[in-house]
Amino acid sequence: MDKKKPKKVFVQGAIPPEKIANSVANHQSKTNIGAHSIFLGQIRADEVDGKTVTAIDYTAYEEMAEKVFHEIREAAFAKFDITCAHIYHSLGKIKVGKLCLFVFTSSAHRKIAIAATNFFVEEIKAKVPVFGKEIFEDETHQWKVNK
Amino acid sequence: MKVTVKYFGLVAEAADKSEEVMEFNGELTASELKEQCLYGLSIADKDSVQIAVNQNLDDKTTLKDGDEVALLPPFAGG
């Protein structure tokens, strides 16, 4: 993805593992890249008061979220010498073990790519209006808060 | 003056609605509107609810006709 053309970040449902392989394959023609850094967020089966999380139902203030994703992206390109960056975040009910966040940055060198990915993940968790309802096996729920 | 108020996550659940148009006279800041909207709702930590006015986090601003105000519980992305 060209940095001037932001693509929609949200996807309905879990991110299929094949998408990661395809993204890597799509960058093999870009030979100025020497390092990719990937972060994958996976739904964890947390236990709370004896009940186990089975899924997280993600919702968002989508218009604001897409705007904030764009701002984070602009900040990342200003801060790090990265070749490209891709972000995908799930909406809807995502079961435990499935992927809900995929951050993929590429650079000539590893340290830059790793730092940029870390920046994206921390900024997304802190600034993007996404909300998560943790659903337990008995269909009760609690609202997730990022730490 | 009319503003659109959007509710998300646990705020939408407590209010049992996701959006409403509110009409009022005189001046009102975003945080005063938040106080009105959350009044009587069962939300443990109302201070943790942030306000966005026209998609920017802001609780100081005085609202204008046509503004879109969102009440945002703690973020949980990723």
# chains A, B, ... in the order shown; residues from 1 in each chain; ligands from 1
>>> interface_residues(of="chain A", to="chain B", cutoff="7 Å", atoms="only C-alpha atoms", output="ChimeraX atom specification")
/A:41,64,100-101,124-126,128-132,143-146
>>> residues_around(residues="B:Lys2", least_positions_apart="5", cutoff="10 Å", atoms="only C-alpha atoms", output="PDB file with N, CA, C and O atoms, in the first residue's frame")
ATOM      1  N   VAL B  21     -30.934  12.638  18.919  1.00  0.00           N
ATOM      2  CA  VAL B  21     -30.755  14.061  18.652  1.00  0.00           C
ATOM      3  C   VAL B  21     -31.281  14.808  19.872  1.00  0.00           C
ATOM      4  O   VAL B  21     -32.392  14.555  20.327  1.00  0.00           O
ATOM      5  N   MET B  22     -30.452  15.701  20.420  1.00  0.00           N
ATOM      6  CA  MET B  22     -30.869  16.458  21.596  1.00  0.00           C
ATOM      7  C   MET B  22     -31.013  17.921  21.224  1.00  0.00           C
ATOM      8  O   MET B  22     -30.202  18.460  20.475  1.00  0.00           O
ATOM      9  N   GLU B  23     -32.040  18.522  21.778  1.00  0.00           N
ATOM     10  CA  GLU B  23     -32.313  19.917  21.471  1.00  0.00           C
ATOM     11  C   GLU B  23     -32.255  20.704  22.773  1.00  0.00           C
ATOM     12  O   GLU B  23     -32.787  20.277  23.789  1.00  0.00           O
ATOM     13  N   PHE B  24     -31.570  21.834  22.766  1.00  0.00           N
ATOM     14  CA  PHE B  24     -31.533  22.651  23.973  1.00  0.00           C
ATOM     15  C   PHE B  24     -31.302  24.118  23.618  1.00  0.00           C
ATOM     16  O   PHE B  24     -30.865  24.443  22.510  1.00  0.00           O
ATOM     17  N   ASN B  25     -31.603  24.973  24.591  1.00  0.00           N
ATOM     18  CA  ASN B  25     -31.395  26.407  24.400  1.00  0.00           C
ATOM     19  C   ASN B  25     -30.183  26.850  25.213  1.00  0.00           C
ATOM     20  O   ASN B  25     -29.861  26.248  26.222  1.00  0.00           O
ATOM     21  N   LEU B  63     -20.746  23.721  22.653  1.00  0.00           N
ATOM     22  CA  LEU B  63     -21.340  23.049  21.493  1.00  0.00           C
ATOM     23  C   LEU B  63     -22.022  24.039  20.553  1.00  0.00           C
ATOM     24  O   LEU B  63     -22.545  25.065  20.984  1.00  0.00           O
ATOM     25  N   LYS B  64     -21.985  23.679  19.283  1.00  0.00           N
ATOM     26  CA  LYS B  64     -22.652  24.476  18.240  1.00  0.00           C
ATOM     27  C   LYS B  64     -23.736  23.619  17.587  1.00  0.00           C
ATOM     28  O   LYS B  64     -23.670  22.389  17.617  1.00  0.00           O
ATOM     29  N   ASP B  65     -24.678  24.307  16.963  1.00  0.00           N
ATOM     30  CA  ASP B  65     -25.762  23.614  16.272  1.00  0.00           C
ATOM     31  C   ASP B  65     -25.178  22.638  15.244  1.00  0.00           C
ATOM     32  O   ASP B  65     -24.272  23.005  14.492  1.00  0.00           O
ATOM     33  N   GLY B  66     -25.677  21.434  15.242  1.00  0.00           N
ATOM     34  CA  GLY B  66     -25.231  20.458  14.250  1.00  0.00           C
ATOM     35  C   GLY B  66     -24.040  19.618  14.666  1.00  0.00           C
ATOM     36  O   GLY B  66     -23.629  18.730  13.918  1.00  0.00           O
ATOM     37  N   ASP B  67     -23.467  19.884  15.844  1.00  0.00           N
ATOM     38  CA  ASP B  67     -22.311  19.098  16.285  1.00  0.00           C
ATOM     39  C   ASP B  67     -22.683  17.631  16.490  1.00  0.00           C
ATOM     40  O   ASP B  67     -23.826  17.307  16.831  1.00  0.00           O
ATOM     41  N   GLU B  68     -21.682  16.782  16.306  1.00  0.00           N
ATOM     42  CA  GLU B  68     -21.840  15.366  16.617  1.00  0.00           C
ATOM     43  C   GLU B  68     -20.986  15.063  17.845  1.00  0.00           C
ATOM     44  O   GLU B  68     -19.777  15.247  17.828  1.00  0.00           O
TER      45      GLU B  68
END
>>> atom_distance(atom1="atom CA of A:Ala85", atom2="atom CA of A:Val103")
7.5 Å
>>> select_by_dssp(residues="chain B", states="strand (DSSP E or B)", output="PyMOL selection string")
chain B and resi 2-7+19-23+29+50-53+56-57+62+68-72
>>> write_last_selection(atoms="N, CA, C and O atoms", output="tab-separated table (two decimals), in the first residue's frame")
chain	number	residue	atom	x	y	z
B	2	LYS	N	-29.52	21.97	18.01
B	2	LYS	CA	-29.62	20.51	17.99
B	2	LYS	C	-28.24	19.89	17.85
B	2	LYS	O	-27.44	20.33	17.03
B	3	VAL	N	-27.97	18.87	18.65
B	3	VAL	CA	-26.74	18.11	18.46
B	3	VAL	C	-27.11	16.61	18.42
B	3	VAL	O	-28.09	16.19	19.01
B	4	THR	N	-26.28	15.87	17.70
B	4	THR	CA	-26.47	14.42	17.66
B	4	THR	C	-25.53	13.80	18.68
B	4	THR	O	-24.34	14.11	18.70
B	5	VAL	N	-26.07	12.94	19.52
B	5	VAL	CA	-25.24	12.27	20.53
B	5	VAL	C	-25.15	10.80	20.17
B	5	VAL	O	-26.16	10.15	19.93
B	6	LYS	N	-23.92	10.30	20.11
B	6	LYS	CA	-23.71	8.87	19.80
B	6	LYS	C	-23.17	8.16	21.03
B	6	LYS	O	-22.28	8.69	21.71
B	7	TYR	N	-23.70	6.98	21.27
B	7	TYR	CA	-23.30	6.19	22.43
B	7	TYR	C	-22.59	4.93	21.95
B	7	TYR	O	-23.00	4.33	20.96
B	19	GLU	N	-27.88	6.25	19.55
B	19	GLU	CA	-27.84	7.61	18.99
B	19	GLU	C	-29.13	8.34	19.32
B	19	GLU	O	-30.19	7.74	19.38
B	20	GLU	N	-29.03	9.64	19.53
B	20	GLU	CA	-30.24	10.47	19.69
B	20	GLU	C	-29.91	11.91	19.30
B	20	GLU	O	-28.75	12.32	19.33
B	21	VAL	N	-30.93	12.64	18.92
B	21	VAL	CA	-30.75	14.06	18.65
B	21	VAL	C	-31.28	14.81	19.87
B	21	VAL	O	-32.39	14.55	20.33
B	22	MET	N	-30.45	15.70	20.42
B	22	MET	CA	-30.87	16.46	21.60
B	22	MET	C	-31.01	17.92	21.22
B	22	MET	O	-30.20	18.46	20.47
B	23	GLU	N	-32.04	18.52	21.78
B	23	GLU	CA	-32.31	19.92	21.47
B	23	GLU	C	-32.25	20.70	22.77
B	23	GLU	O	-32.79	20.28	23.79
B	29	THR	N	-21.42	23.18	27.37
B	29	THR	CA	-20.13	22.60	26.97
B	29	THR	C	-20.32	21.10	26.77
B	29	THR	O	-21.30	20.51	27.21
B	50	GLN	N	-14.87	9.26	27.77
B	50	GLN	CA	-14.33	10.42	27.06
B	50	GLN	C	-15.38	10.98	26.08
B	50	GLN	O	-16.28	10.26	25.66
B	51	ILE	N	-15.17	12.25	25.72
B	51	ILE	CA	-16.11	12.89	24.80
B	51	ILE	C	-15.37	13.27	23.52
B	51	ILE	O	-14.28	13.85	23.57
B	52	ALA	N	-15.98	12.96	22.39
B	52	ALA	CA	-15.45	13.46	21.12
B	52	ALA	C	-16.50	14.39	20.52
B	52	ALA	O	-17.69	14.07	20.51
B	53	VAL	N	-16.04	15.56	20.07
B	53	VAL	CA	-16.93	16.48	19.37
B	53	VAL	C	-16.46	16.52	17.92
B	53	VAL	O	-15.30	16.83	17.65
B	56	ASN	N	-13.24	14.59	17.36
B	56	ASN	CA	-12.01	14.95	18.07
B	56	ASN	C	-12.28	14.91	19.57
B	56	ASN	O	-13.28	15.45	20.03
B	57	LEU	N	-11.36	14.30	20.32
B	57	LEU	CA	-11.53	14.26	21.77
B	57	LEU	C	-11.49	15.68	22.31
B	57	LEU	O	-10.55	16.43	22.03
B	62	THR	N	-17.58	24.60	23.70
B	62	THR	CA	-19.00	24.93	23.77
B	62	THR	C	-19.64	24.43	22.49
B	62	THR	O	-19.13	24.68	21.39
B	68	GLU	N	-21.68	16.78	16.31
B	68	GLU	CA	-21.84	15.37	16.62
B	68	GLU	C	-20.99	15.06	17.85
B	68	GLU	O	-19.78	15.25	17.83
B	69	VAL	N	-21.66	14.66	18.91
B	69	VAL	CA	-20.96	14.38	20.17
B	69	VAL	C	-20.99	12.88	20.41
B	69	VAL	O	-22.05	12.25	20.29
B	70	ALA	N	-19.83	12.31	20.73
B	70	ALA	CA	-19.79	10.87	21.00
B	70	ALA	C	-19.31	10.63	22.41
B	70	ALA	O	-18.37	11.28	22.87
B	71	LEU	N	-19.96	9.72	23.09
B	71	LEU	CA	-19.57	9.34	24.45
B	71	LEU	C	-18.84	8.00	24.37
B	71	LEU	O	-19.44	6.98	24.01
B	72	LEU	N	-17.54	8.04	24.69
B	72	LEU	CA	-16.67	6.90	24.41
B	72	LEU	C	-16.14	6.27	25.70
B	72	LEU	O	-15.35	6.88	26.41
>>> closest_residue(among="A:His70, A:Lys127, A:Arg44, A:His86", to="A:Lys98", atoms="only C-alpha atoms")
A:Arg44
>>> atom_distance(atom1="atom CA of B:Asp58", atom2="atom CA of A:Glu71")
16.6 Å
>>> atom_distance(atom1="atom CA of A:Leu40", atom2="atom CA of A:Ala21")
12.4 Å
>>> residues_around(residues="A:Lys93", least_positions_apart="5", cutoff="8 Å", atoms="only C-alpha atoms", output="number ranges by chain")
A: 13, 55-58
>>> write_last_selection(atoms="N, CA and C atoms", output="compact mmCIF listing (two decimals), in the first residue's frame")
# COMPACT_ATOMS: atom_id res chain seq x y z
N GLY A 13 -15.16 -9.68 11.03
CA GLY A 13 -14.75 -11.03 11.40
C GLY A 13 -13.25 -11.15 11.63
N ALA A 55 -15.16 -15.31 23.39
CA ALA A 55 -15.07 -14.45 22.20
C ALA A 55 -15.06 -12.99 22.64
N ILE A 56 -14.61 -12.12 21.76
CA ILE A 56 -14.77 -10.67 21.99
C ILE A 56 -15.57 -10.11 20.83
N ASP A 57 -16.59 -9.33 21.18
CA ASP A 57 -17.40 -8.68 20.15
C ASP A 57 -16.91 -7.23 20.04
N TYR A 58 -16.26 -6.92 18.92
CA TYR A 58 -15.69 -5.58 18.72
C TYR A 58 -16.66 -4.65 17.99
>>> closest_residue(among="A:Arg110, A:His36, A:Lys30, A:Lys8", to="A:Tyr88", atoms="only C-alpha atoms")
A:Lys8
>>> residues_around(residues="A:Lys111", least_positions_apart="2", cutoff="12 Å", atoms="only C-alpha atoms", output="number ranges by chain")
A: 34-37, 80-82, 105-109, 113-118
